[in-house]
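S.K.: If it helps, the file is called run-v4.txt and holds compact mmCIF, N, CA and C atoms:
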```txt
# COMPACT_ATOMS: atom_id res chain seq x y z
N MET A 1 -20.16 -10.24 -25.69
CA MET A 1 -19.52 -9.36 -24.75
C MET A 1 -18.67 -8.35 -25.53
N THR A 2 -18.84 -7.10 -25.26
CA THR A 2 -18.08 -6.07 -25.97
C THR A 2 -16.70 -5.91 -25.33
N GLU A 3 -15.85 -5.18 -26.02
CA GLU A 3 -14.50 -4.98 -25.50
C GLU A 3 -14.49 -4.10 -24.27
N GLU A 4 -15.49 -3.24 -24.09
CA GLU A 4 -15.56 -2.40 -22.92
C GLU A 4 -15.76 -3.23 -21.65
N ASN A 5 -16.54 -4.29 -21.73
CA ASN A 5 -16.81 -5.12 -20.57
C ASN A 5 -15.63 -6.02 -20.20
N LYS A 6 -14.79 -6.36 -21.15
CA LYS A 6 -13.67 -7.26 -20.88
C LYS A 6 -12.64 -6.63 -19.94
N GLY A 7 -12.34 -5.38 -20.10
CA GLY A 7 -11.29 -4.75 -19.32
C GLY A 7 -11.75 -4.12 -18.03
N GLY A 8 -13.01 -4.18 -17.69
CA GLY A 8 -13.52 -3.51 -16.50
C GLY A 8 -12.96 -4.06 -15.21
N ARG A 9 -12.79 -5.34 -15.10
CA ARG A 9 -12.30 -5.96 -13.87
C ARG A 9 -10.84 -5.59 -13.61
N LYS A 10 -10.03 -5.56 -14.63
CA LYS A 10 -8.63 -5.21 -14.46
C LYS A 10 -8.48 -3.76 -14.03
N ASN A 11 -9.28 -2.88 -14.56
CA ASN A 11 -9.20 -1.48 -14.18
C ASN A 11 -9.55 -1.30 -12.70
N HIS A 12 -10.53 -2.06 -12.21
CA HIS A 12 -10.91 -1.96 -10.81
C HIS A 12 -9.75 -2.39 -9.91
N ASN A 13 -9.06 -3.44 -10.28
CA ASN A 13 -7.92 -3.90 -9.51
C ASN A 13 -6.78 -2.88 -9.54
N ALA A 14 -6.58 -2.26 -10.67
CA ALA A 14 -5.53 -1.24 -10.78
C ALA A 14 -5.85 -0.03 -9.91
N TYR A 15 -7.12 0.32 -9.78
CA TYR A 15 -7.50 1.42 -8.90
C TYR A 15 -7.20 1.09 -7.45
N ILE A 16 -7.46 -0.14 -7.03
CA ILE A 16 -7.19 -0.54 -5.65
C ILE A 16 -5.70 -0.44 -5.35
N ILE A 17 -4.89 -0.96 -6.23
CA ILE A 17 -3.44 -0.91 -6.03
C ILE A 17 -2.94 0.53 -6.10
N GLY A 18 -3.41 1.29 -7.07
CA GLY A 18 -2.96 2.67 -7.24
C GLY A 18 -3.32 3.57 -6.09
N ILE A 19 -4.53 3.44 -5.58
CA ILE A 19 -4.95 4.28 -4.46
C ILE A 19 -4.15 3.93 -3.21
N ASN A 20 -3.92 2.65 -2.96
CA ASN A 20 -3.16 2.26 -1.78
C ASN A 20 -1.70 2.73 -1.86
N ILE A 21 -1.10 2.65 -3.03
CA ILE A 21 0.28 3.13 -3.18
C ILE A 21 0.31 4.66 -3.08
N GLY A 22 -0.72 5.32 -3.58
CA GLY A 22 -0.80 6.78 -3.43
C GLY A 22 -0.93 7.20 -1.98
N VAL A 23 -1.72 6.47 -1.20
CA VAL A 23 -1.84 6.76 0.23
C VAL A 23 -0.50 6.53 0.93
N LEU A 24 0.19 5.45 0.57
CA LEU A 24 1.52 5.18 1.12
C LEU A 24 2.47 6.32 0.80
N ALA A 25 2.47 6.80 -0.43
CA ALA A 25 3.35 7.91 -0.81
C ALA A 25 3.00 9.18 -0.05
N LEU A 26 1.72 9.42 0.17
CA LEU A 26 1.29 10.64 0.87
C LEU A 26 1.80 10.66 2.30
N TYR A 27 1.54 9.61 3.07
CA TYR A 27 1.99 9.67 4.46
C TYR A 27 3.49 9.45 4.60
N THR A 28 4.15 8.90 3.60
CA THR A 28 5.61 8.80 3.63
C THR A 28 6.23 10.17 3.44
N ILE A 29 5.69 10.96 2.53
CA ILE A 29 6.19 12.32 2.30
C ILE A 29 5.96 13.19 3.52
N ILE A 30 4.78 13.05 4.13
CA ILE A 30 4.47 13.84 5.33
C ILE A 30 5.39 13.43 6.48
N SER A 31 5.61 12.14 6.68
CA SER A 31 6.44 11.70 7.80
C SER A 31 7.91 12.03 7.58
N LYS A 32 8.32 12.23 6.34
CA LYS A 32 9.70 12.62 6.06
C LYS A 32 10.00 14.01 6.61
N ALA A 33 9.00 14.88 6.64
CA ALA A 33 9.19 16.24 7.10
C ALA A 33 9.14 16.37 8.62
N ILE A 34 8.72 15.32 9.33
CA ILE A 34 8.54 15.37 10.77
C ILE A 34 9.74 14.71 11.45
N GLU A 35 10.15 15.27 12.58
CA GLU A 35 11.21 14.65 13.38
C GLU A 35 10.71 13.32 13.93
N GLY A 36 11.47 12.27 13.78
CA GLY A 36 11.05 10.93 14.21
C GLY A 36 10.04 10.33 13.25
N GLY A 37 10.08 10.74 12.01
CA GLY A 37 9.11 10.31 11.02
C GLY A 37 9.21 8.85 10.62
N VAL A 38 10.38 8.24 10.86
CA VAL A 38 10.55 6.83 10.50
C VAL A 38 9.61 5.96 11.34
N ILE A 39 9.49 6.27 12.60
CA ILE A 39 8.61 5.50 13.48
C ILE A 39 7.15 5.71 13.09
N ILE A 40 6.79 6.93 12.78
CA ILE A 40 5.42 7.23 12.36
C ILE A 40 5.13 6.53 11.04
N ASP A 41 6.08 6.56 10.13
CA ASP A 41 5.91 5.90 8.84
C ASP A 41 5.74 4.39 9.00
N ALA A 42 6.56 3.78 9.85
CA ALA A 42 6.45 2.34 10.10
C ALA A 42 5.10 1.99 10.73
N PHE A 43 4.60 2.85 11.61
CA PHE A 43 3.30 2.63 12.24
C PHE A 43 2.19 2.66 11.20
N PHE A 44 2.21 3.63 10.30
CA PHE A 44 1.18 3.72 9.26
C PHE A 44 1.28 2.57 8.26
N ILE A 45 2.50 2.14 7.96
CA ILE A 45 2.68 0.99 7.07
C ILE A 45 2.05 -0.25 7.69
N ALA A 46 2.28 -0.44 8.98
CA ALA A 46 1.71 -1.61 9.66
C ALA A 46 0.19 -1.56 9.66
N ILE A 47 -0.38 -0.38 9.91
CA ILE A 47 -1.84 -0.24 9.90
C ILE A 47 -2.40 -0.53 8.52
N GLN A 48 -1.76 0.02 7.49
CA GLN A 48 -2.26 -0.19 6.13
C GLN A 48 -2.08 -1.65 5.71
N PHE A 49 -1.00 -2.28 6.09
CA PHE A 49 -0.77 -3.70 5.77
C PHE A 49 -1.85 -4.58 6.39
N VAL A 50 -2.10 -4.39 7.67
CA VAL A 50 -3.09 -5.22 8.37
C VAL A 50 -4.49 -4.97 7.82
N SER A 51 -4.82 -3.71 7.55
CA SER A 51 -6.17 -3.42 7.03
C SER A 51 -6.36 -4.00 5.63
N CYS A 52 -5.33 -3.98 4.80
CA CYS A 52 -5.45 -4.60 3.46
C CYS A 52 -5.61 -6.11 3.55
N ILE A 53 -4.90 -6.73 4.49
CA ILE A 53 -5.04 -8.18 4.68
C ILE A 53 -6.46 -8.51 5.15
N ILE A 54 -6.97 -7.76 6.11
CA ILE A 54 -8.32 -8.02 6.63
C ILE A 54 -9.38 -7.82 5.54
N ILE A 55 -9.25 -6.74 4.77
CA ILE A 55 -10.21 -6.50 3.69
C ILE A 55 -10.11 -7.60 2.64
N GLY A 56 -8.90 -8.01 2.32
CA GLY A 56 -8.71 -9.06 1.32
C GLY A 56 -9.29 -10.38 1.73
N LEU A 57 -9.12 -10.75 2.99
CA LEU A 57 -9.66 -12.01 3.46
C LEU A 57 -11.18 -11.98 3.61
N SER A 58 -11.70 -10.85 4.07
CA SER A 58 -13.15 -10.77 4.25
C SER A 58 -13.89 -10.64 2.92
N ALA A 59 -13.32 -9.92 1.96
CA ALA A 59 -13.97 -9.74 0.66
C ALA A 59 -13.58 -10.85 -0.32
N ARG A 60 -12.61 -11.67 0.06
CA ARG A 60 -12.10 -12.75 -0.79
C ARG A 60 -11.63 -12.25 -2.15
N LYS A 61 -10.89 -11.14 -2.09
CA LYS A 61 -10.28 -10.56 -3.29
C LYS A 61 -8.77 -10.54 -3.08
N TRP A 62 -8.06 -11.27 -3.92
CA TRP A 62 -6.63 -11.41 -3.75
C TRP A 62 -5.86 -10.14 -4.10
N VAL A 63 -6.50 -9.22 -4.78
CA VAL A 63 -5.81 -7.97 -5.11
C VAL A 63 -5.49 -7.19 -3.83
N TRP A 64 -6.32 -7.31 -2.82
CA TRP A 64 -6.07 -6.64 -1.54
C TRP A 64 -4.86 -7.26 -0.83
N VAL A 65 -4.74 -8.57 -0.89
CA VAL A 65 -3.59 -9.25 -0.27
C VAL A 65 -2.31 -8.89 -1.02
N LEU A 66 -2.38 -8.87 -2.35
CA LEU A 66 -1.24 -8.45 -3.15
C LEU A 66 -0.84 -7.02 -2.80
N THR A 67 -1.81 -6.15 -2.68
CA THR A 67 -1.54 -4.76 -2.32
C THR A 67 -0.89 -4.67 -0.95
N ALA A 68 -1.35 -5.51 -0.01
CA ALA A 68 -0.76 -5.50 1.33
C ALA A 68 0.73 -5.83 1.27
N PHE A 69 1.08 -6.83 0.50
CA PHE A 69 2.49 -7.20 0.41
C PHE A 69 3.31 -6.19 -0.39
N LEU A 70 2.70 -5.53 -1.35
CA LEU A 70 3.39 -4.43 -2.05
C LEU A 70 3.66 -3.27 -1.10
N ILE A 71 2.67 -2.94 -0.27
CA ILE A 71 2.83 -1.87 0.71
C ILE A 71 3.94 -2.23 1.69
N LEU A 72 3.97 -3.48 2.13
CA LEU A 72 5.00 -3.92 3.06
C LEU A 72 6.39 -3.84 2.42
N LEU A 73 6.51 -4.29 1.19
CA LEU A 73 7.80 -4.27 0.50
C LEU A 73 8.28 -2.85 0.23
N ILE A 74 7.41 -2.03 -0.33
CA ILE A 74 7.79 -0.65 -0.65
C ILE A 74 8.03 0.15 0.63
N GLY A 75 7.16 -0.05 1.62
CA GLY A 75 7.30 0.69 2.87
C GLY A 75 8.54 0.31 3.64
N PHE A 76 8.87 -0.99 3.69
CA PHE A 76 10.07 -1.42 4.40
C PHE A 76 11.32 -0.85 3.74
N SER A 77 11.37 -0.88 2.41
CA SER A 77 12.55 -0.35 1.73
C SER A 77 12.65 1.16 1.91
N THR A 78 11.53 1.85 2.00
CA THR A 78 11.54 3.29 2.24
C THR A 78 12.05 3.60 3.65
N CYS A 79 11.61 2.83 4.64
CA CYS A 79 12.07 3.03 6.00
C CYS A 79 13.57 2.78 6.13
N VAL A 80 14.06 1.75 5.47
CA VAL A 80 15.50 1.46 5.49
C VAL A 80 16.27 2.60 4.83
N ASN A 81 15.72 3.15 3.77
CA ASN A 81 16.35 4.28 3.10
C ASN A 81 16.37 5.50 4.01
N PHE A 82 15.28 5.76 4.75
CA PHE A 82 15.25 6.88 5.69
C PHE A 82 16.34 6.72 6.75
N LEU A 83 16.46 5.51 7.29
CA LEU A 83 17.47 5.27 8.33
C LEU A 83 18.87 5.42 7.78
N ASP A 84 19.09 4.99 6.56
CA ASP A 84 20.40 5.09 5.93
C ASP A 84 20.78 6.55 5.69
N MET A 85 19.82 7.38 5.34
CA MET A 85 20.08 8.79 5.06
C MET A 85 20.37 9.56 6.34
N ARG A 86 19.84 9.12 7.45
CA ARG A 86 20.04 9.85 8.71
C ARG A 86 21.39 9.53 9.35
N MET A 87 22.00 8.44 8.98
CA MET A 87 23.27 8.05 9.61
C MET A 87 24.44 8.65 8.89
```
Starting from the file, lay out its structure as structure tokens.
M.R.:
Amino acid sequence: MTEENKGGRKNHNAYIIGINIGVLALYTIISKAIEGGVIIDAFFIAIQFVSCIIIGLSARKWVWVLTAFLILLIGFSTCVNFLDMRM
């Protein structure tokens, strides 16, 4: 087995996590500019969390479940920060 084949699986997992966090950042930035964006942001976080859990369980890949909990953690802290800034 060459060294190129050894790292292929890790790179695929990093792409899954990176793309999901990038999507989270994109709709968080967009919702920040909208009035009432905290509710919209929380709604999208919930959708992305549930979809990652479903994909993870159906594909039996734990990287999706890990990504779901990262999205929940990062998204919840972002929503709390939005609420703190508005008060």
S.K.: How far is it from atom C of Cys79 (chain A) to CA of Ala42 (chain A), in Å with one decimal?
M.R.: 8.2 Å
S.K.: If we count only N, CA and C atoms and set the cut-off at 8 Å, which residues sit around region 20-23 of chain A, ignoring sequence neighbours fewer than 6 positions away in its own chain? Please answer as a list in words.
M.R.: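 Result of the neighbour search: Ala14, Ile29, Thr67, Leu70 and Ile71 of chain A.
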S.K.: In Å, with one decimal, what is the gap from atom N of Lys61 (chain A) to atom C of Phe44 (chain A)?
M.R.: 21.1 Å
S.K.: In Å, with one decimal, what is the gap from CA of Arg60 (chain A) to CA of Thr28 (chain A)?
M.R.: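 Separation between CA of Arg60 (chain A) and CA of Thr28 (chain A): 28.2 Å.
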S.K.: Write out as a ChimeraX atom specification the residues lying within 12 Å of Phe76 (chain A), counting only C-alpha atoms and excluding same-chain residues fewer than 4 positions away.
M.R.: /A:24,28,38-39,41-46,49,68-72,80-83
S.K.: Adding 5 Å on each side of the box along x, y and z that holds all listed atoms of region 12-27 of chain A, could you give its centre and edge lengths in Å to one decimal, as lines of an AutoDock Vina configuration file?
M.R.:
```
center_x = -3.7
center_y = 3.4
center_z = -3.8
size_x = 24.4
size_y = 24.6
size_z = 26.8
```
S.K.: Could you rebuild region 34-45 of chain A with all heavy atoms and give me the result as a short mmCIF file (atom, residue, chain, number, x, y, z; two decimals), in the coordinates of the input?
M.R.:
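Below is the file out35.cif, written as the result:
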```
data_model
loop_
_atom_site.label_atom_id
_atom_site.label_comp_id
_atom_site.auth_asym_id
_atom_site.auth_seq_id
_atom_site.Cartn_x
_atom_site.Cartn_y
_atom_site.Cartn_z
N ILE A 34 8.72 15.32 9.33
CA ILE A 34 8.54 15.37 10.77
C ILE A 34 9.74 14.71 11.45
O ILE A 34 10.26 13.70 10.98
CB ILE A 34 7.24 14.63 11.18
CG1 ILE A 34 6.04 15.30 10.53
CG2 ILE A 34 7.08 14.60 12.68
CD1 ILE A 34 4.76 14.52 10.70
N GLU A 35 10.15 15.27 12.58
CA GLU A 35 11.21 14.65 13.38
C GLU A 35 10.71 13.32 13.93
O GLU A 35 9.63 13.24 14.49
CB GLU A 35 11.60 15.58 14.53
CG GLU A 35 12.77 15.10 15.35
CD GLU A 35 14.08 15.14 14.59
OE1 GLU A 35 14.25 16.00 13.73
OE2 GLU A 35 14.91 14.28 14.89
N GLY A 36 11.47 12.27 13.78
CA GLY A 36 11.05 10.93 14.21
C GLY A 36 10.04 10.33 13.25
O GLY A 36 9.24 9.48 13.63
N GLY A 37 10.08 10.74 12.01
CA GLY A 37 9.11 10.31 11.02
C GLY A 37 9.21 8.85 10.62
O GLY A 37 8.26 8.28 10.12
N VAL A 38 10.38 8.24 10.86
CA VAL A 38 10.55 6.83 10.50
C VAL A 38 9.61 5.96 11.34
O VAL A 38 8.98 5.04 10.82
CB VAL A 38 12.02 6.40 10.70
CG1 VAL A 38 12.19 4.93 10.43
CG2 VAL A 38 12.93 7.21 9.81
N ILE A 39 9.49 6.27 12.60
CA ILE A 39 8.61 5.50 13.48
C ILE A 39 7.15 5.71 13.09
O ILE A 39 6.37 4.75 13.04
CB ILE A 39 8.85 5.89 14.95
CG1 ILE A 39 10.27 5.51 15.34
CG2 ILE A 39 7.84 5.22 15.87
CD1 ILE A 39 10.72 6.06 16.66
N ILE A 40 6.79 6.93 12.78
CA ILE A 40 5.42 7.23 12.36
C ILE A 40 5.13 6.53 11.04
O ILE A 40 4.05 5.95 10.85
CB ILE A 40 5.22 8.75 12.24
CG1 ILE A 40 5.34 9.40 13.62
CG2 ILE A 40 3.87 9.08 11.62
CD1 ILE A 40 5.42 10.90 13.59
N ASP A 41 6.08 6.56 10.13
CA ASP A 41 5.91 5.90 8.84
C ASP A 41 5.74 4.39 9.00
O ASP A 41 4.87 3.78 8.38
CB ASP A 41 7.11 6.21 7.94
CG ASP A 41 6.87 5.86 6.48
OD1 ASP A 41 5.73 6.01 6.02
OD2 ASP A 41 7.84 5.46 5.82
N ALA A 42 6.56 3.78 9.85
CA ALA A 42 6.45 2.34 10.10
C ALA A 42 5.10 1.99 10.73
O ALA A 42 4.50 0.96 10.40
CB ALA A 42 7.58 1.87 11.00
N PHE A 43 4.60 2.85 11.61
CA PHE A 43 3.30 2.63 12.24
C PHE A 43 2.19 2.66 11.20
O PHE A 43 1.31 1.79 11.18
CB PHE A 43 3.07 3.70 13.31
CG PHE A 43 1.78 3.59 14.02
CD1 PHE A 43 1.54 2.55 14.91
CD2 PHE A 43 0.78 4.53 13.82
CE1 PHE A 43 0.33 2.45 15.58
CE2 PHE A 43 -0.43 4.44 14.47
CZ PHE A 43 -0.65 3.39 15.36
N PHE A 44 2.21 3.63 10.30
CA PHE A 44 1.18 3.72 9.26
C PHE A 44 1.28 2.57 8.26
O PHE A 44 0.26 2.08 7.76
CB PHE A 44 1.25 5.06 8.53
CG PHE A 44 0.63 6.20 9.29
CD1 PHE A 44 1.35 7.36 9.53
CD2 PHE A 44 -0.65 6.11 9.77
CE1 PHE A 44 0.79 8.41 10.22
CE2 PHE A 44 -1.23 7.15 10.46
CZ PHE A 44 -0.50 8.31 10.70
N ILE A 45 2.50 2.14 7.96
CA ILE A 45 2.68 0.99 7.07
C ILE A 45 2.05 -0.25 7.69
O ILE A 45 1.37 -1.02 7.01
CB ILE A 45 4.17 0.78 6.75
CG1 ILE A 45 4.68 1.89 5.84
CG2 ILE A 45 4.41 -0.58 6.10
CD1 ILE A 45 6.18 1.93 5.69
#
```
